[in-house]
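Trainee: Pasting entry-v9.txt below, which is compact mmCIF, C-alpha atoms.
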```txt
# COMPACT_ATOMS: atom_id res chain seq x y z
CA MET A 242 -8.96 77.72 -23.11
CA GLN A 243 -10.72 75.89 -20.32
CA LEU A 244 -14.09 77.05 -21.76
CA LEU A 245 -13.20 75.63 -25.20
CA LYS A 246 -12.26 72.29 -23.66
CA THR A 247 -15.52 72.20 -21.75
CA GLN A 248 -17.56 72.93 -24.92
CA HIS A 249 -15.64 70.24 -26.86
CA THR A 250 -16.31 67.70 -24.10
CA MET A 251 -20.01 68.54 -24.09
CA ARG A 252 -20.23 68.08 -27.89
CA LEU A 253 -18.58 64.64 -27.63
CA ARG A 254 -21.03 63.59 -24.92
CA MET A 255 -23.98 64.75 -27.04
CA GLN A 256 -22.71 62.74 -30.05
CA LEU A 257 -22.20 59.62 -27.99
CA SER A 258 -25.63 59.98 -26.45
CA GLN A 259 -27.42 60.03 -29.81
CA PRO A 260 -29.70 57.04 -30.54
CA ILE A 261 -27.99 53.93 -31.79
CA ALA A 262 -30.38 53.90 -34.78
CA THR A 263 -28.13 56.43 -36.51
CA GLN A 264 -25.40 53.80 -36.52
CA THR A 265 -27.61 50.97 -37.68
CA THR A 266 -26.17 48.19 -39.79
CA PRO A 267 -28.08 45.57 -41.72
CA ASN A 268 -27.33 42.92 -39.15
CA SER A 269 -28.76 45.00 -36.33
CA LEU A 270 -32.12 45.58 -37.98
CA SER A 271 -34.99 43.38 -36.96
CA ALA A 272 -38.64 42.94 -37.59
CA SER A 273 -39.35 45.56 -34.95
CA ASP A 274 -37.59 48.15 -37.12
CA THR A 275 -40.13 47.63 -39.89
CA SER A 276 -43.64 48.97 -40.09
CA ILE A 277 -45.17 45.78 -41.41
CA SER A 278 -47.52 44.12 -38.96
CA ARG A 279 -47.30 40.56 -37.72
CA LEU A 280 -50.36 39.76 -39.79
CA GLY A 281 -48.55 41.16 -42.81
CA GLY A 282 -45.59 38.89 -42.14
CA PHE A 283 -47.95 35.95 -41.70
CA THR A 284 -49.55 36.81 -45.05
CA LEU A 285 -46.14 36.63 -46.75
CA LEU A 286 -45.68 33.16 -45.28
CA LEU A 287 -49.10 32.14 -46.62
CA VAL A 288 -47.91 33.20 -50.07
CA ALA A 289 -45.07 30.69 -49.74
CA THR A 290 -47.53 27.83 -49.19
CA LEU A 291 -48.74 28.26 -52.79
CA THR A 292 -45.36 27.27 -54.23
CA ILE A 293 -45.23 23.50 -53.94
CA MET A 294 -48.97 22.97 -54.40
CA VAL A 295 -49.15 24.59 -57.85
CA GLY A 296 -48.77 21.27 -59.64
CA ALA A 297 -48.76 18.67 -56.88
CA VAL A 298 -52.23 19.56 -55.55
CA LEU A 299 -53.74 17.36 -58.27
CA ALA A 300 -51.43 14.41 -57.56
CA PRO A 301 -53.65 12.46 -55.13
CA GLY A 302 -56.53 12.31 -57.61
CA LEU A 303 -54.51 12.48 -60.82
CA SER A 304 -55.99 9.29 -62.27
CA SER A 305 -59.64 10.30 -61.91
CA ILE A 306 -58.97 13.95 -62.81
CA SER A 307 -57.08 13.10 -66.00
CA GLN A 308 -59.79 10.65 -67.08
CA ALA A 309 -62.55 13.19 -66.48
CA MET A 310 -60.65 15.85 -68.44
CA GLY A 311 -59.85 13.49 -71.30
CA MET A 312 -56.12 13.63 -70.66
CA SER A 313 -55.37 10.10 -69.49
CA GLU A 314 -52.51 9.76 -71.95
CA TYR A 315 -50.95 13.03 -70.77
CA ALA A 316 -51.84 12.85 -67.09
CA ALA A 317 -48.32 13.69 -65.93
CA LEU A 318 -48.47 17.02 -67.77
CA LEU A 319 -51.14 18.24 -65.36
CA ILE A 320 -48.44 18.19 -62.68
CA THR A 321 -45.27 19.03 -64.64
CA LEU A 322 -46.52 21.81 -66.94
CA PRO A 323 -46.69 24.41 -64.13
CA ALA A 324 -42.98 23.80 -63.49
CA LEU A 325 -42.26 24.41 -67.17
CA GLY A 326 -44.37 27.57 -66.95
CA VAL A 327 -42.18 28.80 -64.10
CA VAL A 328 -39.05 28.26 -66.18
CA LEU A 329 -40.47 30.06 -69.22
CA LEU A 330 -42.27 32.96 -67.55
CA ALA A 331 -40.28 33.68 -64.37
CA PRO A 332 -38.03 36.27 -66.12
CA VAL A 333 -41.15 38.23 -67.15
CA PHE A 334 -42.30 38.50 -63.55
CA GLY A 335 -38.77 39.38 -62.46
CA LEU A 336 -38.87 42.38 -64.79
CA LEU A 337 -42.29 43.32 -63.44
CA ILE A 338 -40.96 43.30 -59.87
CA ASP A 339 -38.10 45.61 -60.83
CA LYS A 340 -40.43 47.90 -62.82
CA TRP A 341 -43.72 47.88 -60.88
CA GLY A 342 -42.52 46.88 -57.45
CA ALA A 343 -42.93 43.64 -55.52
CA ARG A 344 -46.30 44.52 -53.97
CA ARG A 345 -48.11 45.22 -57.25
CA THR A 346 -46.56 42.15 -58.86
CA LEU A 347 -47.72 40.02 -55.92
CA MET A 348 -51.31 41.24 -56.32
CA LEU A 349 -51.23 40.45 -60.04
CA SER A 350 -49.69 37.02 -59.42
CA LEU A 351 -52.25 36.05 -56.75
CA SER A 352 -55.12 37.14 -59.00
CA GLY A 353 -53.78 35.10 -61.92
CA TYR A 354 -53.05 32.13 -59.66
CA PHE A 355 -56.66 32.10 -58.49
CA ILE A 356 -58.20 32.57 -61.94
CA PHE A 357 -56.10 30.10 -63.89
CA GLY A 358 -55.88 27.60 -61.03
CA SER A 359 -59.58 27.37 -60.21
CA GLY A 360 -60.70 27.94 -63.79
CA GLY A 361 -58.88 24.86 -65.01
CA ALA A 362 -61.67 22.69 -63.65
CA PHE A 363 -64.07 23.98 -66.31
CA LEU A 364 -61.88 23.51 -69.40
CA THR A 365 -62.61 20.62 -71.73
CA GLN A 366 -60.14 20.88 -74.62
CA SER A 367 -56.69 19.43 -74.05
CA TRP A 368 -54.76 22.32 -75.58
CA LEU A 369 -56.61 24.83 -73.40
CA ILE A 370 -55.95 22.76 -70.29
CA MET A 371 -52.23 22.56 -71.06
CA LEU A 372 -52.05 26.30 -71.81
CA ASP A 373 -53.88 27.02 -68.56
CA ARG A 374 -51.43 24.92 -66.51
CA LEU A 375 -48.48 26.55 -68.24
CA ILE A 376 -49.69 30.10 -67.48
CA LEU A 377 -50.55 29.05 -63.92
CA GLY A 378 -46.89 28.17 -63.42
CA GLY A 379 -45.90 31.67 -64.48
CA PHE A 380 -48.16 33.26 -61.88
CA ALA A 381 -46.76 30.85 -59.28
CA ALA A 382 -43.27 32.11 -60.14
CA GLY A 383 -44.48 35.68 -59.74
CA ALA A 384 -45.97 34.94 -56.33
CA MET A 385 -42.82 33.14 -55.17
CA ALA A 386 -40.39 35.85 -56.36
CA SER A 387 -42.47 38.86 -55.26
CA GLY A 388 -43.20 37.30 -51.86
CA THR A 389 -39.48 36.80 -51.22
CA ALA A 390 -38.75 40.32 -52.51
CA LEU A 391 -41.21 41.77 -49.99
CA ILE A 392 -39.56 39.81 -47.19
CA SER A 393 -36.20 41.24 -48.23
CA GLN A 394 -37.66 44.75 -48.25
CA TRP A 395 -39.33 44.64 -44.85
CA TYR A 396 -36.79 42.54 -42.95
CA SER A 397 -33.01 42.52 -42.73
CA GLY A 398 -30.19 40.86 -40.84
CA LYS A 399 -31.21 38.10 -38.44
CA ALA A 400 -34.89 38.96 -38.80
CA ARG A 401 -34.67 38.41 -42.55
CA LEU A 402 -32.87 35.08 -42.13
CA GLY A 403 -35.56 34.03 -39.66
CA MET A 404 -38.33 34.94 -42.10
CA ILE A 405 -36.61 33.10 -44.97
CA ALA A 406 -36.36 30.04 -42.72
CA LYS A 407 -40.06 30.34 -41.88
CA GLN A 408 -40.77 30.71 -45.59
CA GLY A 409 -39.07 27.37 -46.23
CA MET A 410 -41.15 25.85 -43.45
CA ALA A 411 -44.33 27.31 -44.98
CA ILE A 412 -43.51 25.85 -48.41
CA GLU A 413 -43.22 22.33 -47.04
CA LEU A 414 -46.08 22.70 -44.57
CA GLY A 415 -48.29 23.85 -47.42
CA GLY A 416 -47.38 20.69 -49.27
CA VAL A 417 -48.37 18.53 -46.32
CA ILE A 418 -51.71 20.26 -45.69
CA PHE A 419 -52.85 20.80 -49.28
CA LEU A 420 -51.95 17.29 -50.42
CA PHE A 421 -53.94 15.84 -47.53
CA VAL A 422 -56.95 18.07 -48.24
CA SER A 423 -56.73 17.33 -51.95
CA GLY A 424 -56.95 13.61 -51.30
CA LEU A 425 -60.11 14.10 -49.26
CA LEU A 426 -61.70 16.40 -51.85
CA THR A 427 -60.94 13.97 -54.68
CA GLU A 428 -63.16 11.35 -53.04
CA TRP A 429 -66.03 13.84 -53.15
CA ASN A 430 -65.69 15.06 -56.75
CA TRP A 431 -62.89 15.18 -59.31
CA ARG A 432 -63.30 18.97 -59.70
CA ALA A 433 -63.12 19.60 -55.94
CA PRO A 434 -59.29 19.77 -55.66
CA PHE A 435 -59.34 22.81 -57.96
CA LEU A 436 -61.12 24.66 -55.16
CA ILE A 437 -57.83 24.72 -53.27
CA TYR A 438 -56.51 27.25 -55.76
CA GLY A 439 -59.16 29.60 -54.39
CA PHE A 440 -56.96 30.01 -51.32
CA ALA A 441 -54.97 32.48 -53.43
CA ALA A 442 -57.99 34.82 -53.41
CA VAL A 443 -58.05 34.75 -49.61
CA ILE A 444 -54.33 35.58 -49.50
CA LEU A 445 -54.92 38.39 -52.02
CA LEU A 446 -57.45 40.05 -49.71
CA LEU A 447 -55.09 39.68 -46.75
CA ALA A 448 -52.19 41.10 -48.76
CA LEU A 449 -54.20 44.15 -49.83
CA ALA A 450 -55.10 44.84 -46.20
CA THR A 451 -51.84 44.06 -44.40
CA ILE A 452 -48.87 44.72 -46.72
CA PRO A 453 -47.97 48.44 -46.84
CA LYS A 454 -47.47 50.16 -50.17
CA GLN A 455 -44.19 51.81 -49.23
CA GLN A 456 -41.15 49.89 -48.06
CA GLN A 457 -39.38 50.76 -44.81
CA ASN A 458 -36.28 52.92 -44.67
CA ALA A 459 -34.39 49.83 -43.50
CA ASP A 460 -34.16 48.70 -47.10
CA LYS A 461 -32.74 52.09 -48.11
CA GLN A 462 -30.10 51.72 -45.41
CA GLN A 463 -29.38 48.28 -46.76
CA LYS A 464 -28.62 49.75 -50.20
CA VAL A 465 -26.11 52.18 -48.74
CA ILE A 466 -24.22 50.11 -46.21
CA SER A 467 -24.61 46.52 -47.39
CA HIS A 468 -21.32 44.90 -48.33
CA SER A 469 -22.84 41.67 -49.67
CA SER A 470 -25.08 42.94 -52.47
CA GLY A 471 -23.90 42.64 -56.02
CA ARG A 472 -21.92 39.43 -55.51
CA PRO A 473 -22.11 36.69 -58.18
CA VAL A 474 -25.25 34.57 -58.04
CA LYS A 475 -24.42 31.81 -60.53
CA SER A 476 -23.19 29.44 -57.82
CA VAL A 477 -26.35 30.01 -55.77
CA LEU A 478 -28.52 29.20 -58.80
CA LEU A 479 -26.49 26.08 -59.60
CA TYR A 480 -26.69 24.74 -56.06
CA ALA A 481 -30.41 25.56 -55.88
CA MET A 482 -31.04 23.51 -59.00
CA LEU A 483 -28.92 20.60 -57.76
CA SER A 484 -30.45 20.70 -54.27
CA MET A 485 -33.98 20.53 -55.61
CA ALA A 486 -33.06 17.86 -58.16
CA THR A 487 -31.49 15.56 -55.56
CA PHE A 488 -34.41 16.17 -53.19
CA TYR A 489 -37.26 15.87 -55.69
CA SER A 490 -35.73 12.76 -57.27
CA MET A 491 -36.86 10.90 -54.16
CA PHE A 492 -40.45 12.01 -54.71
CA VAL A 493 -40.20 10.62 -58.25
CA SER A 494 -38.50 7.32 -57.35
CA LEU A 495 -39.97 6.47 -53.94
CA PRO A 496 -43.63 5.76 -54.90
CA GLY A 497 -42.69 2.93 -57.26
CA HIS A 498 -39.87 1.71 -55.02
CA LEU A 499 -42.01 1.57 -51.90
CA GLY A 500 -44.87 0.00 -53.85
CA THR A 501 -42.67 -2.98 -54.67
CA VAL A 502 -42.09 -3.63 -50.96
CA GLY A 503 -45.76 -3.57 -49.98
CA PHE A 504 -46.60 0.08 -49.34
CA SER A 505 -50.10 1.11 -50.38
CA GLU A 506 -50.72 4.40 -52.20
CA ALA A 507 -52.06 5.93 -49.00
CA GLN A 508 -48.98 4.80 -47.05
CA VAL A 509 -46.69 6.26 -49.72
CA GLY A 510 -48.57 9.55 -49.41
CA TYR A 511 -48.17 9.55 -45.64
CA PHE A 512 -44.46 8.76 -46.03
CA LEU A 513 -43.87 11.67 -48.44
CA ALA A 514 -45.83 13.96 -46.12
CA PHE A 515 -43.56 12.83 -43.27
CA ILE A 516 -40.50 13.88 -45.29
CA SER A 517 -42.07 17.31 -45.81
CA PHE A 518 -42.81 17.56 -42.10
CA MET A 519 -39.19 16.81 -41.23
CA ALA A 520 -38.14 19.49 -43.72
CA VAL A 521 -40.29 21.98 -41.79
CA ILE A 522 -38.44 21.18 -38.56
CA ALA A 523 -35.03 21.36 -40.26
CA ALA A 524 -35.83 24.75 -41.81
CA MET A 525 -36.66 25.99 -38.32
CA LEU A 526 -33.18 24.96 -37.13
CA MET A 527 -31.33 26.28 -40.20
CA PRO A 528 -30.57 29.81 -38.83
CA ARG A 529 -29.00 28.31 -35.70
CA MET A 530 -26.88 26.01 -37.87
CA ILE A 531 -25.58 28.97 -39.86
CA THR A 532 -24.82 30.92 -36.67
CA GLN A 533 -22.77 28.05 -35.26
CA THR A 534 -20.96 27.27 -38.55
CA ASN A 535 -21.41 29.15 -41.86
CA GLU A 536 -23.38 28.96 -45.10
CA SER A 537 -20.96 26.65 -46.94
CA THR A 538 -20.80 24.14 -44.09
CA THR A 539 -24.59 24.14 -43.77
CA LEU A 540 -25.09 23.55 -47.49
CA ALA A 541 -22.42 20.84 -47.57
CA THR A 542 -24.24 19.15 -44.67
CA ALA A 543 -27.45 19.26 -46.71
CA PHE A 544 -25.85 17.50 -49.67
CA ILE A 545 -24.28 14.91 -47.34
CA CYS A 546 -27.77 14.26 -45.95
CA PHE A 547 -29.12 13.77 -49.46
CA ALA A 548 -26.27 11.35 -50.26
CA ILE A 549 -26.83 9.30 -47.09
CA ALA A 550 -30.61 9.20 -47.60
CA HIS A 551 -30.32 8.02 -51.21
CA ALA A 552 -27.82 5.36 -50.16
CA LEU A 553 -30.10 4.11 -47.37
CA PHE A 554 -33.09 3.90 -49.72
CA GLY A 555 -30.97 1.90 -52.14
CA LEU A 556 -29.47 -0.44 -49.56
CA SER A 557 -32.48 -1.44 -47.48
CA THR A 558 -36.25 -1.72 -47.50
CA ALA A 559 -36.55 -2.26 -43.75
CA VAL A 560 -39.06 0.16 -42.26
CA PRO A 561 -36.72 1.58 -39.55
CA VAL A 562 -34.06 2.27 -42.19
CA ILE A 563 -36.37 4.06 -44.61
CA ILE A 564 -37.85 6.12 -41.76
CA LEU A 565 -34.31 7.18 -40.83
CA ALA A 566 -33.69 8.01 -44.48
CA ALA A 567 -36.86 10.13 -44.52
CA VAL A 568 -35.67 12.12 -41.50
CA ILE A 569 -32.28 12.72 -43.11
CA THR A 570 -33.96 13.76 -46.38
CA GLY A 571 -36.01 16.39 -44.56
CA ILE A 572 -32.87 17.76 -42.91
CA GLY A 573 -31.26 18.04 -46.34
CA PHE A 574 -34.09 20.15 -47.71
CA GLY A 575 -34.35 22.36 -44.63
CA PHE A 576 -30.63 23.12 -44.76
CA SER A 577 -30.50 23.81 -48.51
CA ILE A 578 -33.35 25.58 -50.31
CA PRO A 579 -34.21 28.12 -47.55
CA LEU A 580 -30.49 28.84 -47.09
CA LEU A 581 -29.91 29.39 -50.81
CA ASN A 582 -33.01 31.57 -51.00
CA HIS A 583 -31.54 33.78 -48.26
CA SER A 584 -28.16 33.82 -50.01
CA MET A 585 -29.80 35.07 -53.20
CA VAL A 586 -31.51 37.88 -51.30
CA GLU A 587 -28.24 38.90 -49.65
CA ARG A 588 -26.47 39.00 -53.02
CA SER A 589 -29.10 41.22 -54.62
CA THR A 590 -29.61 44.95 -54.74
CA GLU A 591 -32.92 46.77 -55.02
CA ARG A 592 -32.37 47.20 -58.75
CA ASN A 593 -31.83 43.52 -59.57
CA ARG A 594 -33.68 41.82 -56.72
CA GLY A 595 -36.75 40.94 -58.77
CA ARG A 596 -34.70 39.55 -61.62
CA ASN A 597 -32.45 37.51 -59.33
CA LEU A 598 -35.36 36.04 -57.37
CA SER A 599 -37.10 35.08 -60.61
CA TYR A 600 -33.91 33.30 -61.66
CA PHE A 601 -33.92 31.50 -58.32
CA ALA A 602 -37.49 30.32 -58.93
CA MET A 603 -36.40 29.10 -62.37
CA ALA A 604 -33.48 27.16 -60.89
CA VAL A 605 -35.67 25.46 -58.29
CA PHE A 606 -38.27 24.35 -60.82
CA ILE A 607 -35.65 23.33 -63.39
CA GLY A 608 -34.35 21.02 -60.69
CA GLN A 609 -37.84 19.55 -60.37
CA PHE A 610 -38.27 19.25 -64.12
CA LEU A 611 -34.90 17.48 -64.54
CA THR A 612 -36.05 14.63 -62.32
CA SER A 613 -38.48 13.55 -65.06
CA ALA A 614 -35.40 12.22 -66.87
CA LEU A 615 -35.08 9.51 -64.21
CA SER A 616 -37.88 7.62 -65.95
CA PHE A 617 -35.63 7.10 -68.98
CA ILE A 618 -32.55 5.84 -67.13
CA PRO A 619 -32.20 2.05 -67.74
CA LEU A 620 -31.53 1.26 -64.08
CA SER A 621 -33.47 -0.26 -61.22
CA SER A 622 -34.76 2.01 -58.48
CA GLN A 623 -31.82 0.96 -56.31
CA GLY A 624 -29.41 1.90 -59.08
CA ILE A 625 -31.01 5.32 -59.46
CA PHE A 626 -30.71 5.91 -55.72
CA PHE A 627 -26.99 5.14 -55.83
CA VAL A 628 -26.45 7.45 -58.82
CA CYS A 629 -28.23 10.28 -57.00
CA ALA A 630 -26.21 9.55 -53.86
CA ALA A 631 -22.98 9.89 -55.84
CA ILE A 632 -24.12 13.20 -57.36
CA ALA A 633 -25.05 14.56 -53.93
CA LEU A 634 -21.69 13.49 -52.50
CA ILE A 635 -19.82 15.24 -55.33
CA CYS A 636 -21.86 18.39 -54.64
CA ALA A 637 -20.99 18.21 -50.93
CA ILE A 638 -17.28 17.97 -51.70
CA LYS A 639 -17.51 20.83 -54.19
CA VAL A 640 -19.30 23.09 -51.71
CA SER A 641 -16.82 22.23 -48.94
CA TYR A 642 -13.83 23.35 -51.01
CA SER A 643 -15.57 26.26 -52.74
CA LYS A 644 -15.68 29.84 -51.49
CA ALA A 645 -18.78 30.69 -53.53
CA LEU A 646 -21.01 30.99 -50.45
CA GLN A 647 -18.46 32.51 -48.13
CA PRO A 648 -19.37 36.00 -46.83
```
With the file now loaded, output its structure as structure tokens.

Mentor:
Amino acid sequence: MQLLKTQHTMRLRMQLSQPIATQTTPNSLSASDTSISRLGGFTLLLVATLTIMVGAVLAPGLSSISQAMGMSEYAALLITLPALGVVLLAPVFGLLIDKWGARRTLMLSLSGYFIFGSGGAFLTQSWLIMLDRLILGGFAAGAMASGTALISQWYSGKARLGMIAKQGMAIELGGVIFLFVSGLLTEWNWRAPFLIYGFAAVILLLALATIPKQQQNADKQQKVISHSSGRPVKSVLLYAMLSMATFYSMFVSLPGHLGTVGFSEAQVGYFLAFISFMAVIAAMLMPRMITQTNESTTLATAFICFAIAHALFGLSTAVPVIILAAVITGIGFGFSIPLLNHSMVERSTERNRGRNLSYFAMAVFIGQFLTSALSFIPLSSQGIFFVCAAIALICAIKVSYSKALQP
């Protein structure tokens, strides 16, 4: 009997001494548990920089570019058509991710992004130019969705949240850098800004070299033990659309509004870049905010920031006030879009991840596209700011009393 007790005790000690990895949960996995290199992770962040620049990279030189291409009457379409392309073609790329895998879809998307982006400079017929911009938006959706899918495959738990936050930072930082470079290139030649799309070819080469073909076992563990996958995503899509609409409405309204109070075009550009820079900082702080509170509180805070910023823009044109409003606007973006992106990943399984992330891309760009309706509202810029502030406040209240984002 004593011998049996001794053997039983030894077996218990052996079980308890086994590596903790056998008891791994999604929240305990980190970047160190994956086999993707740091350069591979950096490459995925570079992919994110292509998102916001897809249409806006032509904005600084839009007047001269549209005249040279014979599209002066439809100049705005050069910027907005890629967003429409995302809405129309994102589901196609979502299916490709689920069927081919995120890595292959990313390579296809980067190739198309480079070809149709750079090639647009050499088109002369209006219908070809518009078709080119539309298809370009589709490849941008593919790059955005497949890049996020790869992050979800190679990272999990806190490491994944950290990468999603960095992805949000990369999106806004790409906007700051590429818009600045585009303005400089436009002064050289109207075709020069199209060279920026060539950056996709550089990322393609990096992706081929640094992103492994097979995903880590961590994602397989995630499928088995995750309790969050499969939850409804409609609320995430709705809030993503509303977040982007309330944020992007400022980019639509501010240039004209600030122009009436003496801002030059260059100063307006610097001001919008400052908002993007503040969004980068806020996205960096977003994971800490979630740790100290929760997702719903963080998102409600974002909408409150949007409401306050819109109200400040509508109430005052004093420089200190609008700078404060710009800071608050950046906080709103940093606490919303990256958070909702992470929520979509957490609610997805391997089978529907590509489709869900393509829907998320659609929601974000629908939010952008909806802001074009502001041009048809018979209100002053101050009135539009107050309307947007009211919408943001309603969203904040709805999020606060909703359990849609609760774990």

Trainee: Box time for region 369-383 of chain A: axis-aligned, enclosing all its listed atoms, 4 Å extra on each side; report centre and edge lengths in Å to one decimal, as JSON.

Mentor:
```
{"center_x": -49.9, "center_y": 29.1, "center_z": -66.3, "size_x": 21.3, "size_y": 21.1, "size_z": 22.1}
```

Trainee: At a cut-off of 8 Å, using only C-alpha atoms, what residues contact region 293-304 of chain A? Leave out same-chain residues fewer than 3 positions from it and give the result as a count of residues only.

Mentor: 27

Trainee: Could you state the separation of CA of Leu556 (chain A) and CA of Thr487 (chain A) in Å, given to one decimal place?

Mentor: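 Those two atoms sit 17.2 Å apart.
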
Trainee: Around (-25.8, 24.4, -50.0) in the file's frame, which residues reach within 6 Å when counting all atoms listed in the file? Return as a PyMOL selection string?

Mentor: chain A and resi 540-541+577

Trainee: Tell me which of A:Leu446, A:Ile545, A:Ala630, A:Ile635 sits closest to Phe576 (chain A), counting only C-alpha atoms.

Mentor: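 Going through A:Leu446, A:Ile545, A:Ala630, A:Ile635 one by one, the smallest distance to Phe576 (chain A) is for A:Ile545.
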
Trainee: For CA of Tyr354 (chain A) and CA of Ala441 (chain A), quote the distance in Å rounded to one decimal.

Mentor: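 Pair CA of Tyr354 (chain A) / CA of Ala441 (chain A) returns 6.5 Å.
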
Trainee: At most 9 Å is the cut-off: for each residue in region 328-365 of chain A with any atom that close to an atom of region 389-394 of chain A, write down the nearest atom pair and the distance in Å rounded to one decimal, counting all atoms listed in the file, chain first then increasing number, as a Markdown table.

Mentor:
```
| residue | atom | partner | partner_atom | distance |
| --- | --- | --- | --- | --- |
| A:Ile338 | CA | A:Ala390 | CA | 8.2 |
| A:Ala343 | CA | A:Leu391 | CA | 6.1 |
| A:Arg344 | CA | A:Leu391 | CA | 7.0 |
| A:Leu347 | CA | A:Leu391 | CA | 9.0 |
```

Trainee: Would you mind telling me which residue in A:Gly403, A:Gly555, A:Gly398, A:Pro453 lies nearest to Leu526 (chain A) when using all atoms listed in the file?

Mentor: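 Counting all atoms listed in the file, the residue closest to Leu526 (chain A) is A:Gly403.
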
Trainee: If we count all atoms listed in the file, what is near region 355-371 of chain A at a cut-off of 7 Å, once residues fewer than 4 positions away on the same chain are taken out, given as a PDB file with C-alpha atoms, keeping the file's coordinate frame?

Mentor:
```
ATOM      1  CA  MET A 310     -60.650  15.850 -68.440  1.00  0.00           C
ATOM      2  CA  MET A 312     -56.120  13.630 -70.660  1.00  0.00           C
ATOM      3  CA  LEU A 351     -52.250  36.050 -56.750  1.00  0.00           C
ATOM      4  CA  LEU A 375     -48.480  26.550 -68.240  1.00  0.00           C
ATOM      5  CA  LEU A 377     -50.550  29.050 -63.920  1.00  0.00           C
ATOM      6  CA  ARG A 432     -63.300  18.970 -59.700  1.00  0.00           C
ATOM      7  CA  PHE A 435     -59.340  22.810 -57.960  1.00  0.00           C
ATOM      8  CA  LEU A 436     -61.120  24.660 -55.160  1.00  0.00           C
ATOM      9  CA  TYR A 438     -56.510  27.250 -55.760  1.00  0.00           C
ATOM     10  CA  GLY A 439     -59.160  29.600 -54.390  1.00  0.00           C
ATOM     11  CA  ALA A 441     -54.970  32.480 -53.430  1.00  0.00           C
ATOM     12  CA  ALA A 442     -57.990  34.820 -53.410  1.00  0.00           C
TER      13      ALA A 442
END
```

Trainee: How far is it from CA of Gly510 (chain A) to CA of Met525 (chain A), in Å with one decimal?

Mentor: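 Result for CA of Gly510 (chain A) versus CA of Met525 (chain A): 23.1 Å, one decimal.
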
Trainee: Write out as number ranges by chain which residues come within 10 Å of region 610-616 of chain A when counting only C-alpha atoms, dropping same-chain ones fewer than 4 positions away.

Mentor: A: 317, 321-325, 328, 482-483, 485-494, 604-606, 620, 622, 625, 629

Trainee: With all atoms listed in the file as the atoms that count, which of A:Met530, A:Ala433, A:Ile418, A:Leu287 lies nearest to Leu447 (chain A)?

Mentor: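 Comparing A:Met530, A:Ala433, A:Ile418, A:Leu287 against Leu447 (chain A), the winner is A:Leu287.
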